[in-house]
Structures are given as C-alpha cells and as structure tokens.
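Colleague: Pasting a structure here, questions to come.
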Amino acid sequence: MSHTTASALSHSTERAVVIGGGIGGLTAAVALHQRGRQVTVLERAGSLDPVGAAISLAPNSLRALDVIGLGDEIRDLAAWQGDGGLRTPGGRWLSRSSADAAAERFGGPIVLLHRATLVAALAAQLPKDAVRTAAAATLVDPGDADRPARVSTPDGEWEAELVVAADGIHSAVRRSLFPEHPGPVYSGFTTWRVVIPVPGVEFAPHETWGRGSLWGTQPLKDGRIYAYAAAVVPAGERAADDEKAELLRRFGDWHDPIPAVLAAAHPEDVLRHDVHHLAEPLPAFHRGRVALLGDAAHAMPPMLGQGGNQAIEDAIVLAHHCDDLAAYTAARLPRTTAVARQSVKAARLNMTGNRAAIAVRDTAIAALSKAVPALLLRSFDSVAGWRPPQRPYASDRTPAGNP
C-alpha cells in the first residue's frame with residue numbers, strides 16, 4: 001500500500017501493523033483486531049508455516065488465550081495423562097509428578113502441540129486479507145505523539161498508529177530502536193527437535209538430565225511424539241554426517257524409549273538450532289509508536305518452556321494497553337526479565353558438565369522430591385500463576401483477575 005493511500009484511510013479506525021507472523025505476532029494481531037484496530041500482519045516468509053516443532057503452553061499463556069477466545073480450544077489438545085517426571089540417562093527417576101497434580105496446582109493443564117496447529121488457530125481468527133506473506137518489512141520511522149509510525153515493504157509504505165515488532169531474536173526493529181543494546185548472546189548449547197510417530201512405544205513423559213546434555217520425550221494429542229535434546233557445544237558446530245547420527249552418538253545408549261525414538265527418526269526429521277538469548281534486558285519495550293514483543297524483546301533459554309508463552313502474554317497485555325505503550329513496558333519488562341533470569345538459572349543447572357555438581361544436583365532433587373513431592377511444581381508457581389489484566393470472556397474453566 002502506498003504512503004498516500006494509507007494516509008487517506010479513515011481515522012475512525014486506527015491501524016496496527018504487526019511485523020512478523022509467528023505466534024506472538026499473530027496473537028497480538030488477533031487481540032488488536034478484537035479491540036477494533038485495523039490490523040495488517042507483514043510476514044517475511046512466503047507462508048505462515050512455522051519453522052519449528054512443538055510448543056509447550058502453560059496455564060499462564062492459556063489464560064491469555066482465553067481473552068481472545070482460544071483457551072479452551074487449545075486446552076482440549078492436552079495429551080499428558082498420568083505420571084511423568086525427571087530421570088537420569090540410566091533411567092532412574094529423580095522426581096515424579098502427574099498431569100492431574102500439575103493441573104490442580106496451576107489451575108489448568110500444560111499442553112504440548114505442534115506450532116503449526118497454534119498458528120492455524122490464530123490465523124483463523126483474522127480477516128482473510130489481514131496477513132501478507134513474502135512481505136519483508138523495515139521500520140522507517142517509529143513515530144511519536146504527533147505523527148504515525150512508518151513501515152516500508154517491497155510493495156510500498158505503511159503508516160500506522162501502532163507498530164508491533166514481533167520479528168524474533170535477531171529483530172531489526174530492536175536494533176533500530178535501541179542501537180546501543182548488545183543484542184543476543186550464545187547460551188552455550190545447541191538443541192535438536194523432532195516430531196514423529198513411533199508406533200507401539202509406550203512411555204511416561206519425561207525429561208532426562210545428563211552431563212552437559214538433556215533429552216525430553218513428550219506425547220502429542222495426534223499420537224505423534226515430540227522429542228527434544230540439548231548439549232553444550234561450541235556455537236555453530238554441526239554434525240559431519242547428519243544430525244540423526246549425532247543424536248545417536250550422544251543419546252543412543254540412554255534409557256527407553258529414547259533408542260526407539262531415534263530408530264524411528266529420519267535425518268530430515270531432525271531440526272537443530274543453537275540457542276541464543278538477550279542477557280541484558282532492554283531499557284523499554286517501546287519507543288514512539290512501536291512496541292516489541294516476544295523474542296524481539298526478551299529472548300530466553302528454553303529450559304522453562306516459556307519463550308512462546310511470554311510472547312502470548314505480551315500480545316494480550318499490549319492489546320490491553322495499546323493506547324499507552326509506557327504502561328505496556330511497565331507491565332511486561334519486570335515480569336519477562338524475572339522469567340528470563342529464571343530460565344538462565346535453570347539452563348545452568350540442567351546443562352552443567354561438572355561431575356561433582358551433577359551428583360549433588362541429582363541427589364538433592366531425589367531427596368527433596370521424596371520429602372516434598374510438589375517441590376518441582378512449586379518452583380514454577382510464579383511463572384504459571386500469571387493472569388491477564390482483563391477478564392477472560394471465553395472460558396469458565398479458569399478464574400479471572402490477578403493473583
């Protein structure tokens with residue numbers, strides 16, 4: 001759309017332009033659309049098909065999705081039933097928990113689903129012409145109280161009363177707004193992920209901590225298995241042959257069902273990505289008429305499974321404060337900084353390679369889990385207990401309000 005055409009739009013409906021069509025960007029688009037904004041999503045890729053595997057949604061983000069009417073639809077995809085817990089590579093259980101205990105403590109289930117499922121559910125809530133793919137966007141002017149923000153695309157320029165930067169950990173918008181910020185740093189480890197069917201394999205959902213490495217096996221509602229792994233390696237390192245072979249070398253002798261999962265995987269099924277995070281918090285999540293959300297604002301290690309969850313929280317809170325971006329920063333910066341720091345601490349604990357530290361860690365977890373069975377769940381209270389600032393209007397399964 002040309003600058004002239006955009007300027008000629010009726011001022012009765014304010015425009016919001018969202019840069020990035022991932023989970024955070026789409027959630028923001030839906031929430032802003034429901035608040036009456038004229039929303040356009042500009043996605044660089046040729047489609048909304050997400051690069052990635054599964055995502056874990058905790059009760060905090062499910063409450064956020066209640067606000068836009070999707071919480072219960074996603075809760076119905078919960079697949080974790082019965083027991084699960086934390087194990088050693090040899091198979092010994094360090095701690096055990098259950099889906100019912102987690103749901104009772106946090107006020108709802110933890111749901112694992114494929115990212116494509118969530119993206120499709122969000123996109124379905126938007127007008128058909130709201131999402132524009134193959135539309136690389138550049139922030140030209142963040143705007144201020146007296147003028148709109150401006151965004152450039154190959155097809156022309158857009159003006160908007162609000163620009164939402166959901167353009168990921170390597171956000172060009174963040175660099176433009178905060179050029180002095182050092183940006184992302186390598187977290188010290190790489191990850192592998194796979195979503196595949198593994199017929200005939202029964203298992204209790206688990207995460208397994210080894211020496212500078214971990215593995216998780218989780219069920220999805222559609223019957224497939226989501227498996228993920230991590231290992232401390234130099235940044236940029238890749239397998240000389242293929243990543244399935246690398247996983248076999250690192251995890252092939254770990255407890256069942258890990259060998260069966262690896263046997264069922266093909267090399268092309270395995271995704272590998274180095275992990276980066278923002279070690280230094282941004283001074284604000286907004287400047288002018290532009291708001292940052294998700295990884296663009298506060299990328300964190302995945303050990304708490306909160307990256308996507310925090311992006312969803314951001315989106316709902318941003319829509320609530322869309323006329324006052326300083327209030328958005330005030331609501332989100334302390335929260336996400338705390339969760340990010342907790343994620344970094346969890347990564348250090350999970351991924352330690354020191355044998356003595358591992359022995360102490362495992363012994364302490366096993367002893368404390370027997371003495372205080374809900375210990376590991378309790379450590380997640382401050383994360384999962386969050387509630388949105390406005391009443392959910394879609395679900396009667398969870399109470400409203402702030403704790």
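As shown in the structure tokens, the chain order sets the letters A, B, ...; within each chain, residues go from 1, and ligands are also counted from 1 in the order they appear.
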Within 9 Å of stretch 10-31 of chain A, which residues of stretch 242-344 of chain A come that close, and what is the closest atom pair and distance in Å for each? Count only C-alpha atoms and give it as a tab-separated table.

Modeller:
```
residue	atom	partner	partner_atom	distance
A:Leu293	CA	A:Gly24	CA	7.0
A:Gly294	CA	A:Gly24	CA	6.0
A:Asp295	CA	A:Gly24	CA	8.8
A:Gly308	CA	A:Ile23	CA	7.0
A:Asn309	CA	A:Gly24	CA	8.6
A:Gln310	CA	A:Gly24	CA	8.4
A:Ala311	CA	A:Gly24	CA	4.8
A:Ile312	CA	A:Gly24	CA	5.3
A:Glu313	CA	A:Gly24	CA	8.5
A:Asp314	CA	A:Gly24	CA	7.6
A:Ala315	CA	A:Ala28	CA	4.3
A:Ile316	CA	A:Ala31	CA	6.2
A:Val317	CA	A:Ala28	CA	8.9
A:Leu318	CA	A:Ala28	CA	7.3
A:Ala319	CA	A:Ala31	CA	5.8
A:His320	CA	A:Ala31	CA	8.4
```

Colleague: Excluding A:His298 and any residue of its chain fewer than 2 positions from it, enumerate the residues within 8 Å of it, using only C-alpha atoms, and give them as number ranges by chain.

Modeller: A: 169, 277-278, 281-282, 293-296, 300, 336-337, 340

Colleague: Could those selected residues go to a file with N, CA and C atoms, as a short mmCIF file (atom, residue, chain, number, x, y, z; two decimals), in the first residue's frame?

Modeller:
```cif
data_model
loop_
_atom_site.label_atom_id
_atom_site.label_comp_id
_atom_site.auth_asym_id
_atom_site.auth_seq_id
_atom_site.Cartn_x
_atom_site.Cartn_y
_atom_site.Cartn_z
N ILE A 169 14.36 -13.05 17.57
CA ILE A 169 15.53 -12.77 18.39
C ILE A 169 16.54 -11.86 17.70
N HIS A 277 20.16 -15.89 23.67
CA HIS A 277 19.21 -15.15 24.49
C HIS A 277 19.71 -13.73 24.70
N LEU A 278 18.83 -12.87 25.17
CA LEU A 278 19.20 -11.49 25.49
C LEU A 278 19.64 -11.46 26.94
N PRO A 281 18.67 -6.99 29.72
CA PRO A 281 17.31 -6.54 29.40
C PRO A 281 17.33 -5.21 28.65
N LEU A 282 16.34 -5.03 27.82
CA LEU A 282 16.17 -3.74 27.14
C LEU A 282 15.76 -2.67 28.14
N LEU A 293 7.71 -7.30 21.15
CA LEU A 293 7.19 -8.41 21.96
C LEU A 293 7.91 -9.70 21.61
N GLY A 294 7.76 -10.68 22.49
CA GLY A 294 8.34 -11.99 22.26
C GLY A 294 9.86 -11.96 22.24
N ASP A 295 10.46 -12.80 21.41
CA ASP A 295 11.92 -12.90 21.36
C ASP A 295 12.58 -11.59 20.98
N ALA A 296 11.90 -10.75 20.24
CA ALA A 296 12.46 -9.45 19.90
C ALA A 296 12.71 -8.62 21.14
N MET A 300 14.91 -15.82 25.61
CA MET A 300 15.41 -16.53 26.79
C MET A 300 15.70 -17.98 26.45
N THR A 336 8.96 -10.26 32.40
CA THR A 336 9.76 -11.05 31.47
C THR A 336 11.22 -11.10 31.88
N THR A 337 11.72 -10.03 32.50
CA THR A 337 13.10 -10.06 33.00
C THR A 337 13.26 -11.13 34.07
N ALA A 340 13.07 -14.58 32.36
CA ALA A 340 14.30 -14.83 31.60
C ALA A 340 15.46 -15.21 32.53
#
```

Colleague: Could you pull the residues within 7 Å of A:Val270, counting only C-alpha atoms, minus those fewer than 4 positions along the same chain, as a PyMOL selection string?

Modeller: chain A and resi 192-194+243-244

Colleague: For the selection just defined, write its residues with all heavy atoms to a file, as a PDB file, in the first residue's frame.

Modeller:
```pdb
ATOM      1  N   TRP A 192      18.155 -29.955  19.535  1.00  0.00           N
ATOM      2  CA  TRP A 192      17.575 -30.751  18.455  1.00  0.00           C
ATOM      3  C   TRP A 192      16.105 -31.003  18.780  1.00  0.00           C
ATOM      4  O   TRP A 192      15.754 -31.183  19.956  1.00  0.00           O
ATOM      5  CB  TRP A 192      18.274 -32.108  18.328  1.00  0.00           C
ATOM      6  CG  TRP A 192      19.708 -32.074  17.958  1.00  0.00           C
ATOM      7  CD1 TRP A 192      20.257 -32.172  16.714  1.00  0.00           C
ATOM      8  CD2 TRP A 192      20.834 -31.990  18.863  1.00  0.00           C
ATOM      9  NE1 TRP A 192      21.624 -32.150  16.772  1.00  0.00           N
ATOM     10  CE2 TRP A 192      22.016 -32.032  18.084  1.00  0.00           C
ATOM     11  CE3 TRP A 192      20.951 -31.870  20.248  1.00  0.00           C
ATOM     12  CZ2 TRP A 192      23.278 -31.968  18.642  1.00  0.00           C
ATOM     13  CZ3 TRP A 192      22.218 -31.801  20.811  1.00  0.00           C
ATOM     14  CH2 TRP A 192      23.363 -31.852  20.014  1.00  0.00           C
ATOM     15  N   ARG A 193      15.267 -31.050  17.767  1.00  0.00           N
ATOM     16  CA  ARG A 193      13.845 -31.320  17.982  1.00  0.00           C
ATOM     17  C   ARG A 193      13.310 -32.209  16.861  1.00  0.00           C
ATOM     18  O   ARG A 193      13.746 -32.104  15.716  1.00  0.00           O
ATOM     19  CB  ARG A 193      13.049 -30.010  18.011  1.00  0.00           C
ATOM     20  CG  ARG A 193      13.320 -29.149  19.236  1.00  0.00           C
ATOM     21  CD  ARG A 193      12.772 -27.752  19.064  1.00  0.00           C
ATOM     22  NE  ARG A 193      13.488 -27.046  18.007  1.00  0.00           N
ATOM     23  CZ  ARG A 193      13.054 -25.925  17.451  1.00  0.00           C
ATOM     24  NH1 ARG A 193      11.910 -25.403  17.810  1.00  0.00           N
ATOM     25  NH2 ARG A 193      13.761 -25.328  16.512  1.00  0.00           N
ATOM     26  N   VAL A 194      12.368 -33.058  17.218  1.00  0.00           N
ATOM     27  CA  VAL A 194      11.768 -33.948  16.233  1.00  0.00           C
ATOM     28  C   VAL A 194      10.329 -34.236  16.641  1.00  0.00           C
ATOM     29  O   VAL A 194      10.025 -34.390  17.834  1.00  0.00           O
ATOM     30  CB  VAL A 194      12.585 -35.258  16.095  1.00  0.00           C
ATOM     31  CG1 VAL A 194      12.642 -36.012  17.420  1.00  0.00           C
ATOM     32  CG2 VAL A 194      12.026 -36.159  15.005  1.00  0.00           C
ATOM     33  N   GLU A 243      22.361 -34.998  11.524  1.00  0.00           N
ATOM     34  CA  GLU A 243      22.019 -34.737  12.923  1.00  0.00           C
ATOM     35  C   GLU A 243      21.371 -35.939  13.603  1.00  0.00           C
ATOM     36  O   GLU A 243      21.444 -36.068  14.826  1.00  0.00           O
ATOM     37  CB  GLU A 243      21.119 -33.500  13.027  1.00  0.00           C
ATOM     38  CG  GLU A 243      21.785 -32.212  12.556  1.00  0.00           C
ATOM     39  CD  GLU A 243      23.086 -31.892  13.274  1.00  0.00           C
ATOM     40  OE1 GLU A 243      23.260 -32.339  14.431  1.00  0.00           O
ATOM     41  OE2 GLU A 243      23.939 -31.199  12.691  1.00  0.00           O
ATOM     42  N   LYS A 244      20.745 -36.844  12.856  1.00  0.00           N
ATOM     43  CA  LYS A 244      20.279 -38.082  13.495  1.00  0.00           C
ATOM     44  C   LYS A 244      21.476 -38.878  13.999  1.00  0.00           C
ATOM     45  O   LYS A 244      21.465 -39.398  15.128  1.00  0.00           O
ATOM     46  CB  LYS A 244      19.454 -38.934  12.534  1.00  0.00           C
ATOM     47  CG  LYS A 244      19.083 -40.285  13.170  1.00  0.00           C
ATOM     48  CD  LYS A 244      18.341 -41.217  12.254  1.00  0.00           C
ATOM     49  CE  LYS A 244      18.130 -42.569  12.938  1.00  0.00           C
ATOM     50  NZ  LYS A 244      17.322 -43.503  12.140  1.00  0.00           N
TER      51      LYS A 244
END
```

Colleague: Near stretch 55-66 of chain A, counting only C-alpha atoms, which residues have an atom at most 9 Å away, once you skip same-chain residues fewer than 4 positions from it, shown as a PyMOL selection string?

Modeller: chain A and resi 27+70-72+74-75+103+106-115+118+305-306+308-313+315-317+383-388+391-395+398-400

Colleague: Near A:Leu262, counting only C-alpha atoms, which residues have an atom at most 9 Å away, once you skip same-chain residues fewer than 3 positions from it, shown as a ChimeraX atom specification?

Modeller: /A:244,247-248,251-252,257-259,265-266

Colleague: Write out, as a PDB file, in the first residue's frame, the residues just selected, with N, CA, C and O atoms.

Modeller:
```
ATOM      1  N   LYS A 244      20.745 -36.844  12.856  1.00  0.00           N
ATOM      2  CA  LYS A 244      20.279 -38.082  13.495  1.00  0.00           C
ATOM      3  C   LYS A 244      21.476 -38.878  13.999  1.00  0.00           C
ATOM      4  O   LYS A 244      21.465 -39.398  15.128  1.00  0.00           O
ATOM      5  N   LEU A 247      22.695 -37.406  17.181  1.00  0.00           N
ATOM      6  CA  LEU A 247      21.851 -37.776  18.319  1.00  0.00           C
ATOM      7  C   LEU A 247      22.120 -39.204  18.771  1.00  0.00           C
ATOM      8  O   LEU A 247      22.142 -39.498  19.974  1.00  0.00           O
ATOM      9  N   LEU A 248      22.329 -40.106  17.835  1.00  0.00           N
ATOM     10  CA  LEU A 248      22.645 -41.488  18.195  1.00  0.00           C
ATOM     11  C   LEU A 248      23.955 -41.563  18.977  1.00  0.00           C
ATOM     12  O   LEU A 248      24.069 -42.319  19.950  1.00  0.00           O
ATOM     13  N   PHE A 251      23.000 -39.822  22.497  1.00  0.00           N
ATOM     14  CA  PHE A 251      21.890 -40.287  23.327  1.00  0.00           C
ATOM     15  C   PHE A 251      21.458 -41.728  23.041  1.00  0.00           C
ATOM     16  O   PHE A 251      20.514 -42.211  23.648  1.00  0.00           O
ATOM     17  N   GLY A 252      22.143 -42.409  22.125  1.00  0.00           N
ATOM     18  CA  GLY A 252      21.704 -43.730  21.701  1.00  0.00           C
ATOM     19  C   GLY A 252      21.720 -44.790  22.793  1.00  0.00           C
ATOM     20  O   GLY A 252      20.999 -45.798  22.694  1.00  0.00           O
ATOM     21  N   PRO A 257      12.267 -44.634  26.272  1.00  0.00           N
ATOM     22  CA  PRO A 257      12.110 -45.026  24.866  1.00  0.00           C
ATOM     23  C   PRO A 257      13.047 -44.289  23.916  1.00  0.00           C
ATOM     24  O   PRO A 257      12.788 -44.248  22.703  1.00  0.00           O
ATOM     25  N   ILE A 258      14.140 -43.706  24.424  1.00  0.00           N
ATOM     26  CA  ILE A 258      14.989 -42.860  23.584  1.00  0.00           C
ATOM     27  C   ILE A 258      15.552 -43.637  22.383  1.00  0.00           C
ATOM     28  O   ILE A 258      15.481 -43.148  21.244  1.00  0.00           O
ATOM     29  N   PRO A 259      16.092 -44.859  22.556  1.00  0.00           N
ATOM     30  CA  PRO A 259      16.578 -45.587  21.373  1.00  0.00           C
ATOM     31  C   PRO A 259      15.485 -45.840  20.333  1.00  0.00           C
ATOM     32  O   PRO A 259      15.746 -45.770  19.118  1.00  0.00           O
ATOM     33  N   ALA A 265      13.264 -42.078  13.729  1.00  0.00           N
ATOM     34  CA  ALA A 265      13.510 -40.784  13.095  1.00  0.00           C
ATOM     35  C   ALA A 265      14.358 -40.936  11.832  1.00  0.00           C
ATOM     36  O   ALA A 265      15.234 -41.808  11.750  1.00  0.00           O
ATOM     37  N   HIS A 266      14.087 -40.087  10.862  1.00  0.00           N
ATOM     38  CA  HIS A 266      14.932 -39.961   9.676  1.00  0.00           C
ATOM     39  C   HIS A 266      15.781 -38.706   9.822  1.00  0.00           C
ATOM     40  O   HIS A 266      15.387 -37.762  10.520  1.00  0.00           O
TER      41      HIS A 266
END
```

Colleague: Determine the nearest neighbour of A:Lys221 from the options A:Val195, A:Ala327, A:Ala149, A:Leu122, counting only C-alpha atoms.

Modeller: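 Of A:Val195, A:Ala327, A:Ala149, A:Leu122, the one nearest A:Lys221 is A:Val195, counting only C-alpha atoms.
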